[in-house]
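Q: Quick one: structure below, then a few questions.
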There are 2 protein chains.
Amino acid sequence: MPGQTETSVRETRIMLQTGLSRATMDEQVPRDFETLRATILDRRESLPKRIAQIAAYALDNPDDIAFGTAASIAASAGVQPSTLIRFAQQLGFDGFTSLQQVFRERLRERNSSYDERLQALRAKAEGGAGHRAIFDGFIAAASTSLNDISRTLDDAHLEEAISLLAKAQTIYVLAKRRSYPVATYIAYALGKLKIRNQLIESAAGLNAEMVGFATPADAVIAISFSPYAPATIEEARTISEQGVPIVAITDSSFSPLAQFARVWFEVAEADFAGFRSLSATMALAMALTVGVGEKRRDVGRKRKA
Amino acid sequence: MPGQTETSVRETRIMLQTGLSRATMDEQVPRDFETLRATILDRRESLPKRIAQIAAYALDNPDDIAFGTAASIAASAGVQPSTLIRFAQQLGFDGFTSLQQVFRERLRERNSSYDERLQALRAKAEGGAGHRAIFDGFIAAASTSLNDISRTLDDAHLEEAISLLAKAQTIYVLAKRRSYPVATYIAYALGKLKIRNQLIESAAGLNAEMVGFATPADAVIAISFSPYAPATIEEARTISEQGVPIVAITDSSFSPLAQFARVWFEVAEADFAGFRSLSATMALAMALTVGVGEKRRDVGRKRKA
DNA sequence: TATGGATTGGAATTATTATTTCATATTGCT
DNA sequence: AGCAATATGAAATAATAATTCCAATCCATA
């Protein structure tokens, strides 16, 4: 019997079961994972027990659905393979295989290098594709930056920077403009960890004096990206000439900050709509801060013992 | 004939072909994608033409290998299925299926829900696993938060908030403590976009006066997460009583901020080592800011036309 | 340019996996 | 409680896909 007849017989049966016309059916089949997810959550209540069981499993373990065989998935979820297929059919798919496609597509999508997605989103936003596109762009930029930094960060530098900062009496935090939010976050976190710190703010114009108090027993976290705020560079220079060690977060080895720094990190943030992400810098800043907190605790313990 | 015999016959044949003992073979089979990649690049020169062809294809289209069938992959790469299997065997696998596992594992790894990774990292960091673990933890927390928000953000709310803010004469930005970095970033970005704004700072203790200037023609972006800074809530209340519309970013519908807000966003940030990520909030903040910038430009253009 | 070995193509075979079927159990309703 | 409709389990079957086999081809070397 030719495949075509086979298929149409199957379709007829499903249509009878669900009471839907073919056209309606097609419209309702969720093609992408998010729609599928929503559909499942929507119908969760009205699903039979076993079907609900596999539905829950599917949302909890999407990767297993993407890669497993009907039998293996059914076993993990504690149902029969046939139930899995019924589940797929209830959702409007014509079998497990086509349901699985959606789960596979999801992995492909997610994995398609964020760089590519970012390109696409930039183009989309340029074309005036609404505010959601802008939002997605910032999400993508942040994700890209996180991926990048987690690939490129050098563990040894991290250790070195943390040791250096852990020894400091006071940690000075130096950043302006775009980097300023990071500085305020560091200051907040250091404060919560009871680590003495001083944010070098520009408001009152007393920076020079503030900087003057730092000694070689202290340390500085300085953050600046191109175009480097002249004030940051100036203050970094002064403070390094006083012999205060500097940990710098910046964006290239040509950065003037890198020259003054005892340890420096190169962080490449992706940008979108003219604004660079801060997510990678933030993550690094937090790691430094909490790392210093940990280190001090450890040292304290050792001294007591 | 039982499967076991079948298998051992196959193994013997391969061993003869490659001239390796079983023990040596096992050591050489690349288990993870990176090793496999290196192995392929290493042997690239010495591979026969068709095998080299599929090798190149595999490195260029790893996703296809992960998802395709031997036949479909072979067709895309322009070779016979049998060649694909020979390729796998040359690398020490016992067939296409086990080669494919490596490509699938790669996708799983990359994609392994950040939540799970976060759990693992938290445990690791607790156990004092060094500073890299802390860093990875913050990266994972940030990624999780980004994933979450991009799933849950409501487009309609975004549009509404942007329209509201775009109409404002002055945008006031209100946030303390942990949220303060976001506020400074918003203020920075609004400034760069030439949008009049006022950061409500606490330094000089003049908040009450500042807040008093706001009128219903203005708008507020208020950001606060549990435990809500009392000052933020107080100022939000006052300002909303003056009839100034508020766009709030907060963490639950029970948040006091949500009560005063015209539009509010629920942002669930993952935490690590006691500090919550800010990445999702930052992304949303940037989308709002740039969205307002776009909207004003559009409106300006329309007026001229 | 002949010859042996390696490589390749394509069909045949075998294994695996999805799907269907049907008997049985459960549920909801009168 | 009894009936019909629905849901479930388990095995049989159909479909699909991986693997093997063998003949044909290519390539290096004498």
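Following the order of the structure tokens, chains are lettered A, B, ..., residues in each are numbered from 1, and ligands are numbered from 1.
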Which chain C residues have any atom within 10 Å of an atom of chain B, and for each, what is the nearest pair of atoms with distance in Å to one decimal, counting only C-alpha atoms (C1' of nucleotides), rows sorted by chain and number, as a Markdown table?

A:
| residue | atom | partner | partner_atom | distance |
| --- | --- | --- | --- | --- |
| C:DA6 | C1' | B:Pro48 | CA | 9.3 |
| C:DT7 | C1' | B:Pro48 | CA | 7.4 |
| C:DT8 | C1' | B:Thr83 | CA | 7.8 |
| C:DG9 | C1' | B:Gln80 | CA | 6.9 |
| C:DG10 | C1' | B:Gln80 | CA | 8.3 |

Q: Write to file, as a PDB file, in the first residue's frame, the residues of the selection just made, with C-alpha atoms (C1' of nucleotides).

A:
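Result file is result.pdb:
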ATOM      1  C1'  DA C   6      43.492   0.770  -0.319  1.00  0.00           C
ATOM      2  C1'  DT C   7      39.279   3.250  -1.129  1.00  0.00           C
ATOM      3  C1'  DT C   8      34.694   3.894  -2.655  1.00  0.00           C
ATOM      4  C1'  DG C   9      29.771   3.145  -4.191  1.00  0.00           C
ATOM      5  C1'  DG C  10      25.602   0.923  -3.815  1.00  0.00           C
TER       6       DG C  10
END

Q: Pick out the chain B residues within 6 Å of chain A. Count only C-alpha atoms. Give them as JSON, numbers by chain.

A: {"B": [131, 134, 135, 138, 139, 181, 184, 185, 279, 283, 287, 291]}

Q: Could you tell me, as number ranges by chain, which residues of region 209-301 of chain A DSSP assigns to helix (DSSP H, G or I) when given the backbone?

A: A: 209-213, 230-241, 256-260, 279-301

Q: Go ahead and compute the interatomic distance for CA of Asn197 (chain B) and CA of Met210 (chain B), in Å to one decimal.

A: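 Spanning CA of Asn197 (chain B) to CA of Met210 (chain B) is a straight-line distance of 11.8 Å.
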
Q: Identify every residue of chain D that has at least one atom within 9 Å of any atom of chain A, counting only C-alpha atoms (C1' of nucleotides), and report the result as JSON, numbers by chain.

A: {"D": [7, 8, 9, 10]}

Q: Mind checking which residues fall within 10 Å of DC21 (chain D), counting only C-alpha atoms (C1' of nucleotides), ignoring those fewer than 6 positions away in the same chain, and posting them as a list of chain:residue names?

A: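 Here the answer would be C:DA11, C:DA12, C:DT13.
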
Q: Excluding DA4 (chain D) and residues on its chain fewer than 4 positions from it, collect all residues at most 12 Å away from it, counting only C-alpha atoms (C1' of nucleotides), and give them as a list in words.

A: DT27, DG28, DC29 and DT30 of chain C

Q: Could you write out that same residue set with C-alpha atoms (C1' of nucleotides) as a PDB file, in the first residue's frame?

A:
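Writing the result to result03.pdb gives the following:
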ATOM      1  C1'  DT C  27     -13.252   7.135  34.967  1.00  0.00           C
ATOM      2  C1'  DG C  28     -17.369   9.862  34.702  1.00  0.00           C
ATOM      3  C1'  DC C  29     -22.170   9.918  34.441  1.00  0.00           C
ATOM      4  C1'  DT C  30     -27.100   8.570  35.060  1.00  0.00           C
TER       5       DT C  30
END

Q: Can you pull out every residue within 8 Å of Phe265 (chain A), counting only C-alpha atoms (C1' of nucleotides), but drop anything in the same chain fewer than 5 positions away, and send it as a list of chain:residue names?

A: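 Residues meeting the cut-off are A:Leu153, A:His157, A:Ala248, A:Ile249, A:Thr250, A:Asp251.
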
Q: Pick the closest to DT17 (chain C) from A:Ile233, A:Arg86, A:Gly191, A:Phe96: which is it, counting only C-alpha atoms (C1' of nucleotides)?

A: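 Smallest separation from DT17 (chain C) among the options: A:Phe96.
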